[in-house]
>>> print(open('final_31.cif').read())   # mmCIF, C-alpha atoms and all ligand atoms
data_data
loop_
_atom_site.label_atom_id
_atom_site.label_comp_id
_atom_site.auth_asym_id
_atom_site.auth_seq_id
_atom_site.Cartn_x
_atom_site.Cartn_y
_atom_site.Cartn_z
CA MET A 1091 97.49 121.14 106.82
CA ILE A 1092 94.03 122.33 107.94
CA ARG A 1093 92.47 120.80 111.03
CA HIS A 1094 88.70 121.11 111.02
CA THR A 1095 86.93 120.40 114.31
CA LEU A 1096 83.27 120.21 115.13
CA SER A 1097 81.88 119.99 118.68
CA PHE A 1098 78.15 119.41 119.00
CA ARG A 1099 75.26 118.54 121.28
CA PHE A 1100 72.15 116.64 120.30
CA ALA A 1101 68.83 118.22 121.25
CA ASP A 1102 67.46 116.65 124.44
CA ASP A 1103 64.35 115.26 122.73
CA VAL A 1104 66.33 113.31 120.08
CA ASP A 1105 66.15 109.60 120.82
CA ASP A 1106 69.06 107.13 120.77
CA ALA A 1107 68.13 105.68 117.38
CA ALA A 1108 68.18 109.09 115.70
CA ARG A 1109 71.48 109.96 117.39
CA GLY A 1110 72.97 106.65 116.30
CA ALA A 1111 71.89 107.19 112.70
CA VAL A 1112 73.60 110.60 112.52
CA LEU A 1113 76.79 109.30 114.15
CA ALA A 1114 76.83 106.34 111.73
CA GLU A 1115 76.47 108.70 108.79
CA LEU A 1116 79.36 110.84 110.04
CA ALA A 1117 81.47 107.66 110.16
CA THR A 1118 80.97 107.19 106.41
CA PHE A 1119 82.47 110.61 105.62
CA PRO A 1120 86.10 109.47 105.15
CA ASP A 1121 84.88 107.10 102.41
CA ARG A 1122 82.69 109.72 100.79
CA TYR A 1123 85.29 112.51 100.89
CA PRO A 1124 88.70 111.05 100.00
CA ALA A 1125 90.47 114.33 100.82
CA MET A 1126 89.76 113.73 104.52
CA GLN A 1127 92.71 112.56 106.59
CA ASN A 1128 92.93 111.49 110.23
CA TRP A 1129 89.14 111.49 110.67
CA SER A 1130 88.02 110.83 114.23
CA LEU A 1131 84.76 111.10 116.16
CA GLY A 1132 84.00 110.47 119.81
CA GLU A 1133 81.96 111.31 122.88
CA ASN A 1134 83.06 114.19 125.04
CA VAL A 1135 84.69 112.74 128.15
CA SER A 1136 85.91 116.07 129.54
CA THR A 1137 85.29 116.56 133.27
CA ARG A 1138 85.67 120.34 132.87
CA ASP A 1139 83.11 121.15 130.22
CA ASP A 1140 80.11 119.08 129.13
CA LYS A 1141 78.40 121.69 126.98
CA TYR A 1142 78.96 119.48 123.91
CA THR A 1143 78.30 115.75 123.89
CA HIS A 1144 80.53 114.83 120.92
CA ALA A 1145 83.39 116.08 118.79
CA MET A 1146 84.71 115.26 115.35
CA SER A 1147 88.12 116.15 113.92
CA ILE A 1148 89.37 115.95 110.34
CA ASP A 1149 92.54 117.07 108.55
CA PHE A 1150 92.64 118.43 105.02
CA GLY A 1151 95.71 119.07 102.90
CA SER A 1152 94.57 122.62 102.01
CA ARG A 1153 91.83 125.22 102.52
CA GLU A 1154 90.57 124.42 99.03
CA GLU A 1155 90.01 120.80 100.01
CA LEU A 1156 88.13 121.89 103.13
CA GLN A 1157 85.98 124.31 101.14
CA SER A 1158 85.15 121.74 98.49
CA TYR A 1159 83.97 119.37 101.23
CA LEU A 1160 81.88 122.04 102.98
CA GLY A 1161 80.44 123.31 99.71
CA SER A 1162 79.60 119.94 98.22
CA ASP A 1163 75.94 119.19 97.51
CA SER A 1164 76.06 116.01 99.57
CA HIS A 1165 77.41 117.86 102.61
CA GLU A 1166 74.93 120.72 102.33
CA SER A 1167 71.95 118.41 102.01
CA PHE A 1168 73.19 116.38 105.00
CA VAL A 1169 73.43 119.56 107.11
CA ARG A 1170 70.03 120.82 105.99
CA GLU A 1171 68.01 117.62 106.18
CA ARG A 1172 69.58 115.44 108.86
CA TRP A 1173 71.94 117.54 110.95
CA ARG A 1174 70.14 120.76 111.88
CA PRO A 1175 66.87 119.06 112.99
CA VAL A 1176 68.65 117.09 115.73
CA ILE A 1177 71.48 119.38 116.88
CA ALA A 1178 70.99 121.85 119.77
CA ALA A 1179 74.44 123.48 119.74
CA GLN A 1180 77.69 123.29 117.84
CA ALA A 1181 81.10 124.93 117.60
CA ILE A 1182 83.37 124.78 114.57
CA THR A 1183 87.05 125.63 114.31
CA SER A 1184 89.36 125.32 111.33
CA TYR A 1185 93.03 126.09 111.81
CA GLU A 1186 96.14 125.78 109.75
CA TYR A 1187 99.10 123.95 111.21
CA THR A 1188 102.39 122.41 110.16
CA PRO A 1189 102.84 118.79 111.22
CA ARG A 1190 105.94 118.52 113.37
CA GLY A 1191 108.88 117.44 111.23
CA GLY A 1192 109.71 113.77 111.45
CA THR A 1193 106.84 113.10 113.82
CA PRO A 1194 104.81 110.17 112.53
CA MET A 1195 101.07 110.72 112.16
CA THR A 1196 100.52 107.46 113.98
CA THR A 1197 102.24 105.78 116.86
CA ARG A 1198 103.08 102.80 114.65
CA PRO A 1199 106.80 102.03 114.96
CA HIS A 1200 108.51 102.97 111.73
CA GLY A 1201 110.54 100.70 109.51
CA PRO A 1202 113.36 101.62 107.13
CA PHE A 1203 112.57 104.35 104.57
CA GLY A 1204 113.67 102.81 101.29
CA MET A 1205 116.26 100.81 99.42
CA GLU A 1206 119.44 102.64 98.47
CA TYR A 1207 121.91 100.06 97.16
CA ALA A 1208 123.05 96.50 96.72
CA ARG A 1209 126.65 95.33 97.09
CA ILE A 1210 127.53 92.67 94.54
CA GLU A 1211 130.66 90.57 94.14
CA VAL A 1212 131.33 89.95 90.45
CA PRO A 1213 133.94 87.91 88.60
CA ASP A 1214 134.52 90.47 85.84
CA MET A 1215 134.12 93.99 87.12
CA GLN A 1216 134.71 95.84 83.84
CA ALA A 1217 132.20 93.70 81.95
CA THR A 1218 129.66 94.28 84.75
CA ILE A 1219 130.22 98.03 84.66
CA ASP A 1220 129.72 98.05 80.89
CA PHE A 1221 126.50 96.04 81.29
CA LEU A 1222 125.11 98.27 84.05
CA GLN A 1223 125.93 101.43 82.11
CA TYR A 1224 124.44 100.38 78.79
CA HIS A 1225 121.61 98.04 79.76
CA VAL A 1226 120.49 99.51 83.10
CA GLY A 1227 121.47 103.14 82.47
CA LEU A 1228 123.58 103.68 85.59
CA GLN A 1229 126.43 106.17 85.78
CA LEU A 1230 129.87 105.08 86.96
CA GLU A 1231 131.09 107.45 89.69
CA SER A 1232 134.25 105.86 91.02
CA HIS A 1233 136.27 102.82 90.25
CA THR A 1234 139.38 101.09 91.60
CA ASP A 1235 140.65 97.57 90.98
CA GLU A 1236 138.73 96.42 94.08
CA PHE A 1237 135.41 98.23 93.92
CA ALA A 1238 133.16 100.48 91.82
CA TYR A 1239 130.20 102.73 92.57
CA LEU A 1240 127.39 103.34 90.12
CA ARG A 1241 124.38 105.56 90.65
CA ALA A 1242 120.92 105.97 89.16
CA ASP A 1243 119.87 109.38 90.48
CA ILE A 1244 121.15 111.79 93.15
CA GLU A 1245 121.70 109.17 95.88
CA HIS A 1246 125.38 108.37 96.39
CA HIS A 1247 125.18 104.96 94.74
CA SER A 1248 122.68 102.26 93.94
CA ILE A 1249 125.16 99.53 93.05
CA GLU A 1250 128.51 98.82 94.67
CA LEU A 1251 130.57 96.25 92.79
CA ILE A 1252 133.30 94.26 94.47
CA SER A 1253 135.88 92.52 92.30
CA ALA A 1254 135.77 88.75 92.96
CA PRO A 1255 137.66 86.97 90.14
CA GLU A 1256 137.35 83.69 92.03
CA ARG A 1257 133.59 83.66 91.45
CA THR A 1258 131.93 82.33 88.30
CA ASP A 1259 128.65 84.15 88.95
CA GLY A 1260 127.86 87.45 90.61
CA TRP A 1261 126.67 87.27 94.23
CA THR A 1262 124.85 89.93 96.23
CA THR A 1263 126.36 90.21 99.72
CA ALA A 1264 124.51 93.21 101.18
CA ILE A 1265 121.51 95.47 100.73
CA GLY A 1266 121.33 99.00 102.11
CA PHE A 1267 118.26 100.91 103.34
CA SER A 1268 118.01 104.50 104.46
CA VAL A 1269 116.17 105.32 107.69
CA GLU A 1270 114.27 108.58 108.30
CA ASN A 1271 115.99 109.78 111.46
CA GLU A 1272 118.13 108.82 114.44
CA ASN A 1273 115.12 107.88 116.59
CA VAL A 1274 113.91 105.28 114.12
CA LEU A 1275 117.46 103.98 113.65
CA GLU A 1276 117.93 103.63 117.42
CA GLN A 1277 114.63 101.80 117.78
CA LEU A 1278 115.51 99.37 114.98
CA GLN A 1279 118.92 98.73 116.50
CA LYS A 1280 117.29 98.03 119.86
CA GLN A 1281 114.88 95.57 118.26
CA VAL A 1282 117.77 93.79 116.54
CA ALA A 1283 119.61 93.48 119.88
CA ASP A 1284 116.42 92.44 121.72
CA ALA A 1285 115.91 89.68 119.13
CA GLY A 1286 119.31 88.30 120.12
CA LEU A 1287 120.91 89.22 116.80
CA GLU A 1288 124.38 90.65 116.49
CA VAL A 1289 124.54 94.39 115.78
CA LEU A 1290 127.33 94.81 113.22
CA ASP A 1291 129.20 97.89 112.10
CA LEU A 1292 128.47 99.31 108.67
CA GLN A 1293 131.04 98.46 106.04
CA GLU A 1294 133.90 100.93 106.51
CA ARG A 1295 133.47 102.80 103.22
CA GLN A 1296 129.73 103.09 103.81
CA GLN A 1297 130.37 104.73 107.19
CA GLY A 1298 131.80 107.66 105.25
CA PHE A 1299 128.68 108.04 103.09
CA CYS A 1300 126.09 108.45 105.85
CA GLU A 1301 125.58 109.99 109.28
CA SER A 1302 125.24 106.85 111.38
CA GLY A 1303 124.05 103.30 111.02
CA PHE A 1304 124.52 99.63 111.74
CA ALA A 1305 124.23 96.30 109.97
CA VAL A 1306 122.62 92.96 110.76
CA ARG A 1307 122.53 89.59 109.02
CA ASP A 1308 119.09 88.41 108.00
CA PRO A 1309 118.19 84.70 108.58
CA ASN A 1310 119.74 83.87 105.20
CA GLY A 1311 123.08 85.50 106.05
CA LEU A 1312 122.45 88.46 103.77
CA VAL A 1313 123.84 91.65 105.32
CA VAL A 1314 121.26 94.42 105.75
CA GLU A 1315 122.76 97.87 106.30
CA LEU A 1316 120.61 100.62 107.84
CA PHE A 1317 121.68 104.26 108.05
CA THR A 1318 120.60 107.90 108.16
CA GLU A 1319 121.51 110.81 105.88
CA PHE A 1320 122.84 108.88 102.90
CA GLN A 1321 124.91 111.32 100.85
CA GLU A 1322 123.39 112.83 97.72
CA TYR A 1323 124.77 114.58 94.66
CA ALA A 1324 123.51 118.06 93.80
CA GLU A 1325 122.35 116.82 90.39
CA PRO A 1326 121.25 113.54 88.88
CA PRO A 1327 123.44 112.05 86.13
CA HIS A 1328 123.12 113.90 82.83
CA ILE A 1329 121.87 110.75 81.15
CA GLU A 1330 118.40 110.87 79.64
CA LEU A 1331 117.83 107.12 79.59
CA ARG A 1332 118.42 106.00 83.17
CA PRO A 1333 116.54 104.73 86.22
CA VAL A 1334 115.23 107.24 88.72
CA ASP A 1335 115.26 104.94 91.74
CA LEU A 1336 116.29 101.57 93.05
CA VAL A 1337 112.96 100.29 94.35
CA HIS A 1338 113.44 96.83 95.87
CA PRO A 1339 115.40 93.63 96.14
CA PHE A 1340 113.55 90.34 95.64
CA LEU A 1341 114.97 87.71 97.97
CA ALA A 1342 114.56 83.98 97.41
CA THR A 1343 114.81 82.18 100.73
CA THR A 1344 114.74 78.68 102.17
CA LYS A 1345 113.68 80.29 105.48
CA TYR A 1346 110.51 81.98 104.35
CA GLN A 1347 108.64 82.29 107.65
CA GLU A 1348 111.78 83.12 109.62
CA SER A 1349 112.70 85.79 107.08
CA LEU A 1350 109.18 87.19 107.14
CA ASP A 1351 109.33 87.42 110.94
CA PHE A 1352 112.74 89.10 110.78
CA TYR A 1353 111.75 91.75 108.24
CA THR A 1354 108.32 92.51 109.74
CA LYS A 1355 108.86 92.07 113.49
CA VAL A 1356 112.50 93.09 113.91
CA LEU A 1357 112.83 95.64 111.08
CA ASN A 1358 109.17 96.82 111.02
CA PHE A 1359 108.53 96.38 107.29
CA LEU A 1360 104.76 96.29 106.58
CA PRO A 1361 103.20 93.50 104.49
CA SER A 1362 101.51 94.94 101.40
CA ASP A 1363 100.28 91.70 99.79
CA HIS A 1364 100.79 87.95 99.94
CA ILE A 1365 100.84 85.36 97.17
CA VAL A 1366 99.90 82.68 99.66
CA GLY A 1367 102.73 80.28 100.45
CA SER A 1368 104.91 81.80 97.74
CA THR A 1369 105.72 85.48 98.06
CA THR A 1370 105.22 88.41 100.42
CA PHE A 1371 105.64 92.01 99.35
CA LEU A 1372 106.83 94.32 102.12
CA ARG A 1373 106.90 98.09 102.19
CA GLY A 1374 108.94 100.70 103.99
CA GLU A 1375 108.24 104.33 104.77
CA ASP A 1376 108.85 105.50 101.19
CA ARG A 1377 105.40 103.92 100.54
CA TYR A 1378 106.34 101.96 97.44
CA HIS A 1379 104.05 98.93 97.26
CA HIS A 1380 107.18 96.96 98.04
CA SER A 1381 110.66 97.97 99.06
CA LEU A 1382 111.48 94.31 99.62
CA ALA A 1383 109.96 91.00 98.56
CA LEU A 1384 110.47 87.51 99.96
CA GLN A 1385 109.93 84.34 97.97
CA ASN A 1386 109.66 80.83 99.40
CA ASN A 1387 112.33 78.92 97.49
CA LYS A 1388 114.57 75.84 97.63
CA GLU A 1389 117.65 78.10 97.53
CA HIS A 1390 118.62 81.46 98.96
CA TYR A 1391 119.79 84.19 96.63
CA VAL A 1392 118.98 87.77 95.72
CA ALA A 1393 116.81 87.03 92.72
CA HIS A 1394 116.43 90.53 91.34
CA LEU A 1395 116.87 94.22 91.91
CA CYS A 1396 114.15 96.51 90.62
CA PHE A 1397 114.88 99.94 89.15
CA SER A 1398 112.09 102.32 88.19
CA MET A 1399 112.50 104.21 84.92
CA LYS A 1400 111.04 107.64 84.07
CA SER A 1401 108.33 106.20 81.84
CA LEU A 1402 107.05 103.12 80.06
CA ASP A 1403 108.65 104.55 76.93
CA HIS A 1404 112.04 104.38 78.65
CA VAL A 1405 111.40 100.80 79.76
CA MET A 1406 110.69 99.90 76.14
CA ARG A 1407 113.80 101.71 74.91
CA MET A 1408 115.93 99.69 77.34
CA ARG A 1409 114.18 96.54 76.18
CA ALA A 1410 115.01 97.52 72.57
CA ARG A 1411 118.67 97.88 73.56
CA ALA A 1412 118.62 94.42 75.14
CA LEU A 1413 117.06 92.87 72.02
CA TYR A 1414 119.50 94.73 69.77
CA LYS A 1415 122.57 93.54 71.69
CA GLY A 1416 121.21 90.07 72.42
CA ALA A 1417 121.35 90.70 76.18
CA PRO A 1418 119.38 87.90 77.86
CA ILE A 1419 115.81 88.87 78.77
CA ALA A 1420 114.86 86.44 81.52
CA SER A 1421 111.26 87.54 81.70
CA ASP A 1422 109.73 89.81 79.11
CA ILE A 1423 107.14 92.50 79.57
CA VAL A 1424 105.05 91.70 82.65
CA ASN A 1425 102.12 93.66 84.10
CA HIS A 1426 102.43 93.05 87.82
CA SER A 1427 99.13 92.46 89.56
CA ALA A 1428 100.05 93.50 93.08
CA SER A 1429 102.26 96.54 92.48
CA THR A 1430 100.74 97.61 89.11
CA SER A 1431 104.21 98.00 87.59
CA ILE A 1432 105.07 97.04 84.02
CA ALA A 1433 108.57 95.62 83.70
CA PHE A 1434 111.01 93.31 82.00
CA TYR A 1435 113.98 91.47 83.50
CA LEU A 1436 117.55 91.18 82.27
CA HIS A 1437 119.72 88.35 83.51
CA ASP A 1438 123.28 87.32 82.94
CA PRO A 1439 124.48 85.45 86.05
CA LYS A 1440 127.99 86.92 85.65
CA PHE A 1441 126.60 90.33 86.52
CA GLY A 1442 124.69 89.31 89.63
CA PRO A 1443 120.91 89.17 90.11
CA ARG A 1444 118.30 89.87 87.49
CA TYR A 1445 117.80 93.56 86.83
CA GLU A 1446 114.15 94.51 86.65
CA LEU A 1447 113.39 97.75 84.80
CA CYS A 1448 109.89 98.99 85.52
CA ASP A 1449 107.44 101.83 85.29
CA ARG A 1450 104.32 102.70 87.33
CA HIS A 1451 105.29 100.90 90.50
CA ARG A 1452 102.47 101.69 92.90
CA VAL A 1453 103.18 104.24 95.65
CA PHE A 1454 100.63 104.28 98.48
CA THR A 1455 99.12 107.56 99.65
CA PRO A 1456 100.00 108.45 103.26
CA GLU A 1457 96.52 107.30 104.30
CA GLU A 1458 96.76 104.00 102.39
CA HIS A 1459 100.18 103.47 103.94
CA GLU A 1460 98.61 103.55 107.41
CA THR A 1461 95.45 101.62 106.63
CA HIS A 1462 96.18 99.16 103.78
CA ARG A 1463 95.23 95.58 104.56
CA ALA A 1464 97.52 93.05 102.87
CA ARG A 1465 95.60 90.94 100.36
CA ARG A 1466 95.98 87.17 100.38
CA MET A 1467 96.08 86.08 96.75
CA PRO A 1468 96.19 82.51 95.47
CA ALA A 1469 99.34 81.30 93.71
CA ASP A 1470 97.94 81.79 90.23
CA PRO A 1471 100.23 83.34 87.59
CA ARG A 1472 97.53 85.93 86.89
CA ASN A 1473 98.07 87.23 90.43
CA ILE A 1474 101.67 87.97 89.46
CA ASP A 1475 101.17 89.10 85.86
CA VAL A 1476 97.69 90.15 84.78
CA TRP A 1477 98.70 89.58 81.15
CA ARG A 1478 98.98 85.80 81.72
CA PRO A 1479 96.04 84.19 79.92
CA ALA A 1480 95.34 81.18 82.15
CA PRO A 1481 95.97 79.72 85.63
CA ASP A 1482 98.52 77.22 84.28
CA ASP A 1483 100.58 79.73 82.30
CA TRP A 1484 103.74 79.92 84.39
CA GLY A 1485 105.83 80.31 81.20
CA ARG A 1486 109.07 82.22 81.68
CA PHE A 1487 108.80 84.16 84.93
FE FE A 1501 110.33 93.12 91.44
#
>>> encode(input="final_31.cif", output="structure tokens")
Amino acid sequence: MIRHTLSFRFADDVDDAARGAVLAELATFPDRYPAMQNWSLGENVSTRDDKYTHAMSIDFGSREELQSYLGSDSHESFVRERWRPVIAAQAITSYEYTPRGGTPMTTRPHGPFGMEYARIEVPDMQATIDFLQYHVGLQLESHTDEFAYLRADIEHHSIELISAPERTDGWTTAIGFSVENENVLEQLQKQVADAGLEVLDLQERQQGFCESGFAVRDPNGLVVELFTEFQEYAEPPHIELRPVDLVHPFLATTKYQESLDFYTKVLNFLPSDHIVGSTTFLRGEDRYHHSLALQNNKEHYVAHLCFSMKSLDHVMRMRARALYKGAPIASDIVNHSASTSIAFYLHDPKFGPRYELCDRHRVFTPEEHETHRARRMPADPRNIDVWRPAPDDWGRF
């Protein structure tokens, strides 16, 4: 990272209006030069040295980015025509530094990093394994009569199946999220306790797959497990047609506002967008547009789990498999308005929630992650799928 600083003093004969115009123009720089990060500008309040009246500081990802800003025509004409005539003195420094590991660039309290797995009780474990292998592309890693672990990429598992022959349909009992470090984990645990919620132990097997963690029940009774250092394999599965990540769960809830408060105020998820009165998309520190979504519903259930594939081509190949085998497609190709992902959804209730296979799920830049303002979109199907032709086309979602 390059930090570029500029200290300066206006000439004594420059009036307030002229000073204000230059300062206002400097404030437009982050919009004009997208490579700028952490832009700031302020008056010098030092009691030790008042040689300069103001200072500005900007970060760039590389020297090349800094040079392309300094060398741009717009910057050079600004310096020549509007800067030099009013500035009496200036000092410039540019230095390279490494941001301290794990230290957030803002003081915003951090939420969980990203989704790692769902735990699902299923009536027929072998049939579910077969489905997840062929139609979702997961790899089976271990399997007993009681449980099975399947993974998408290097993370230890993305689906844990629990044998529950007494059930007729699959039921998701827990969702697991990784957390960046022990400090964030401790803070989240404190917030859970401060909210008067019970801090639960991680499931016993899960304790062996991470460094430390805890669990909490959300307002719907769904167990949320949070942990650091989730184990990873050295290599991804040697399967070409597979997901690369488990992106989010989509939770239908009868306690919409309460759930929203829990996930944003207790667990520090950030709202990315709202479909007003219907759905809120929440993001974690992995900067996916959403690592969790909440939907206002008459019932509570985990409605779907979203996996991202390597490409749209791979999404279409999985869709072809579903059509070929007659696997039920609950919602066919959708172009999501908020997250920009293109996806289809498989659903057989025996195997648990819908499985969404997508490509191009939006990932915010670090700057967008800190500054994005959640949009409030009307409950129009075109705000969920831009390929819907009309405001009354709710069709098969
Ligand atoms: Fe989704």
>>> closest_residue(input="final_31.cif", among="A:Trp1477, A:Leu1290, A:Glu1389, A:Arg1407", to="A:Asn1425", atoms="only C-alpha atoms")
A:Trp1477
>>> closest_residue(input="final_31.cif", among="A:Glu1322, A:Glu1231, A:Asp1449, A:Asp1140", to="ligand FE 1501 (chain A)", atoms="only C-alpha atoms and all ligand atoms")
A:Asp1449
>>> residues_around(input="final_31.cif", residues="A:Glu1211", least_positions_apart="4", cutoff="7 Å", atoms="all atoms listed in the file", output="list in words")
Leu1251, Ile1252, Ser1253, Ala1254, Gly1260, Trp1261 and Thr1262 of chain A
>>> write_last_selection(input="final_31.cif", atoms="C-alpha atoms", output="PDB file, in the coordinates of the input")
ATOM      1  CA  LEU A1251     130.570  96.250  92.790  1.00  0.00           C
ATOM      2  CA  ILE A1252     133.300  94.260  94.470  1.00  0.00           C
ATOM      3  CA  SER A1253     135.880  92.520  92.300  1.00  0.00           C
ATOM      4  CA  ALA A1254     135.770  88.750  92.960  1.00  0.00           C
ATOM      5  CA  GLY A1260     127.860  87.450  90.610  1.00  0.00           C
ATOM      6  CA  TRP A1261     126.670  87.270  94.230  1.00  0.00           C
ATOM      7  CA  THR A1262     124.850  89.930  96.230  1.00  0.00           C
TER       8      THR A1262
END
>>> closest_atom_pairs(input="final_31.cif", of="chain A", to="ligand FE 1501 (chain A)", cutoff="7 Å", atoms="only C-alpha atoms and all ligand atoms", output="JSON lines")
{"residue": "A:His1338", "atom": "CA", "partner": "A:FE1501", "partner_atom": "FE", "distance": 6.6}
{"residue": "A:Pro1339", "atom": "CA", "partner": "A:FE1501", "partner_atom": "FE", "distance": 6.9}
{"residue": "A:Phe1340", "atom": "CA", "partner": "A:FE1501", "partner_atom": "FE", "distance": 6.0}
{"residue": "A:His1394", "atom": "CA", "partner": "A:FE1501", "partner_atom": "FE", "distance": 6.6}
{"residue": "A:Leu1395", "atom": "CA", "partner": "A:FE1501", "partner_atom": "FE", "distance": 6.6}
{"residue": "A:Cys1396", "atom": "CA", "partner": "A:FE1501", "partner_atom": "FE", "distance": 5.2}
{"residue": "A:Glu1446", "atom": "CA", "partner": "A:FE1501", "partner_atom": "FE", "distance": 6.3}
>>> closest_residue(input="final_31.cif", among="A:Phe1299, A:Phe1397, A:Tyr1187, A:Tyr1391", to="A:Ala1242", atoms="all atoms listed in the file")
A:Phe1397
>>> closest_residue(input="final_31.cif", among="A:Thr1344, A:Ser1164, A:Tyr1435, A:Arg1465", to="A:Thr1370", atoms="all atoms listed in the file")
A:Arg1465
>>> closest_residue(input="final_31.cif", among="A:Ile1423, A:Leu1357, A:Met1091, A:Leu1230", to="A:Ala1285", atoms="all atoms listed in the file")
A:Leu1357
>>> residues_around(input="final_31.cif", residues="A:Asp1284", least_positions_apart="5", cutoff="10 Å", atoms="all atoms listed in the file", output="list in words")
Leu1278, Gln1279 and Val1356 of chain A
>>> write_last_selection(input="final_31.cif", atoms="C-alpha atoms", output="PDB file, in the frame of the given file")
ATOM      1  CA  LEU A1278     115.510  99.370 114.980  1.00  0.00           C
ATOM      2  CA  GLN A1279     118.920  98.730 116.500  1.00  0.00           C
ATOM      3  CA  VAL A1356     112.500  93.090 113.910  1.00  0.00           C
TER       4      VAL A1356
END
>>> axis_aligned_box(input="final_31.cif", around="stretch 1139-1151 of chain A", padding_each_side="5 Å", output="AutoDock Vina command-line options")
--center_x 87.0 --center_y 118.3 --center_z 116.6 --size_x 27.4 --size_y 16.9 --size_z 37.3
>>> atom_distance(input="final_31.cif", atom1="atom CA of A:Pro1471", atom2="atom CA of A:Ala1420")
16.1 Å
>>> residues_around(input="final_31.cif", residues="A:Leu1331", least_positions_apart="6", cutoff="10 Å", atoms="only C-alpha atoms", output="PyMOL selection string")
chain A and resi 1224-1228+1399-1401+1403-1405+1407-1408
>>> atom_distance(input="final_31.cif", atom1="atom CA of A:Ser1232", atom2="atom CA of A:Leu1436")
23.9 Å
>>> atom_distance(input="final_31.cif", atom1="atom CA of A:Ala1125", atom2="atom CA of A:Pro1456")
11.5 Å
>>> closest_residue(input="final_31.cif", among="A:His1426, A:Arg1472, A:Arg1373, A:His1437", to="A:Asn1358", atoms="only C-alpha atoms")
A:Arg1373
>>> residues_around(input="final_31.cif", residues="A:Ala1383", least_positions_apart="5", cutoff="12 Å", atoms="all atoms listed in the file", output="PDB file with C-alpha atoms, keeping the file's coordinate frame")
ATOM      1  CA  MET A1205     116.260 100.810  99.420  1.00  0.00           C
ATOM      2  CA  VAL A1337     112.960 100.290  94.350  1.00  0.00           C
ATOM      3  CA  HIS A1338     113.440  96.830  95.870  1.00  0.00           C
ATOM      4  CA  PRO A1339     115.400  93.630  96.140  1.00  0.00           C
ATOM      5  CA  PHE A1340     113.550  90.340  95.640  1.00  0.00           C
ATOM      6  CA  LEU A1341     114.970  87.710  97.970  1.00  0.00           C
ATOM      7  CA  ALA A1342     114.560  83.980  97.410  1.00  0.00           C
ATOM      8  CA  THR A1343     114.810  82.180 100.730  1.00  0.00           C
ATOM      9  CA  TYR A1346     110.510  81.980 104.350  1.00  0.00           C
ATOM     10  CA  SER A1349     112.700  85.790 107.080  1.00  0.00           C
ATOM     11  CA  LEU A1350     109.180  87.190 107.140  1.00  0.00           C
ATOM     12  CA  TYR A1353     111.750  91.750 108.240  1.00  0.00           C
ATOM     13  CA  THR A1354     108.320  92.510 109.740  1.00  0.00           C
ATOM     14  CA  PHE A1359     108.530  96.380 107.290  1.00  0.00           C
ATOM     15  CA  LEU A1360     104.760  96.290 106.580  1.00  0.00           C
ATOM     16  CA  PRO A1361     103.200  93.500 104.490  1.00  0.00           C
ATOM     17  CA  SER A1362     101.510  94.940 101.400  1.00  0.00           C
ATOM     18  CA  ASP A1363     100.280  91.700  99.790  1.00  0.00           C
ATOM     19  CA  HIS A1364     100.790  87.950  99.940  1.00  0.00           C
ATOM     20  CA  ILE A1365     100.840  85.360  97.170  1.00  0.00           C
ATOM     21  CA  SER A1368     104.910  81.800  97.740  1.00  0.00           C
ATOM     22  CA  THR A1369     105.720  85.480  98.060  1.00  0.00           C
ATOM     23  CA  THR A1370     105.220  88.410 100.420  1.00  0.00           C
ATOM     24  CA  PHE A1371     105.640  92.010  99.350  1.00  0.00           C
ATOM     25  CA  LEU A1372     106.830  94.320 102.120  1.00  0.00           C
ATOM     26  CA  ARG A1373     106.900  98.090 102.190  1.00  0.00           C
ATOM     27  CA  GLY A1374     108.940 100.700 103.990  1.00  0.00           C
ATOM     28  CA  TYR A1378     106.340 101.960  97.440  1.00  0.00           C
ATOM     29  CA  VAL A1392     118.980  87.770  95.720  1.00  0.00           C
ATOM     30  CA  ALA A1393     116.810  87.030  92.720  1.00  0.00           C
ATOM     31  CA  HIS A1394     116.430  90.530  91.340  1.00  0.00           C
ATOM     32  CA  LEU A1395     116.870  94.220  91.910  1.00  0.00           C
ATOM     33  CA  CYS A1396     114.150  96.510  90.620  1.00  0.00           C
ATOM     34  CA  ALA A1428     100.050  93.500  93.080  1.00  0.00           C
ATOM     35  CA  SER A1429     102.260  96.540  92.480  1.00  0.00           C
TER      36      SER A1429
END
>>> decode(input="final_31.cif", residues="stretch 1234-1245 of chain A", atoms="C-alpha atoms", output="PDB file, in the first residue's frame")
ATOM      1  CA  THR A1234     -21.055 -43.185   8.964  1.00  0.00           C
ATOM      2  CA  ASP A1235     -24.579 -44.418   9.601  1.00  0.00           C
ATOM      3  CA  GLU A1236     -25.229 -41.260  11.646  1.00  0.00           C
ATOM      4  CA  PHE A1237     -23.580 -38.457   9.698  1.00  0.00           C
ATOM      5  CA  ALA A1238     -21.818 -37.509   6.468  1.00  0.00           C
ATOM      6  CA  TYR A1239     -19.560 -34.641   5.405  1.00  0.00           C
ATOM      7  CA  LEU A1240     -19.483 -33.270   1.884  1.00  0.00           C
ATOM      8  CA  ARG A1241     -17.309 -30.456   0.619  1.00  0.00           C
ATOM      9  CA  ALA A1242     -17.281 -28.059  -2.319  1.00  0.00           C
ATOM     10  CA  ASP A1243     -13.722 -26.702  -2.216  1.00  0.00           C
ATOM     11  CA  ILE A1244     -10.848 -26.774   0.281  1.00  0.00           C
ATOM     12  CA  GLU A1245     -12.920 -25.903   3.367  1.00  0.00           C
TER      13      GLU A1245
END
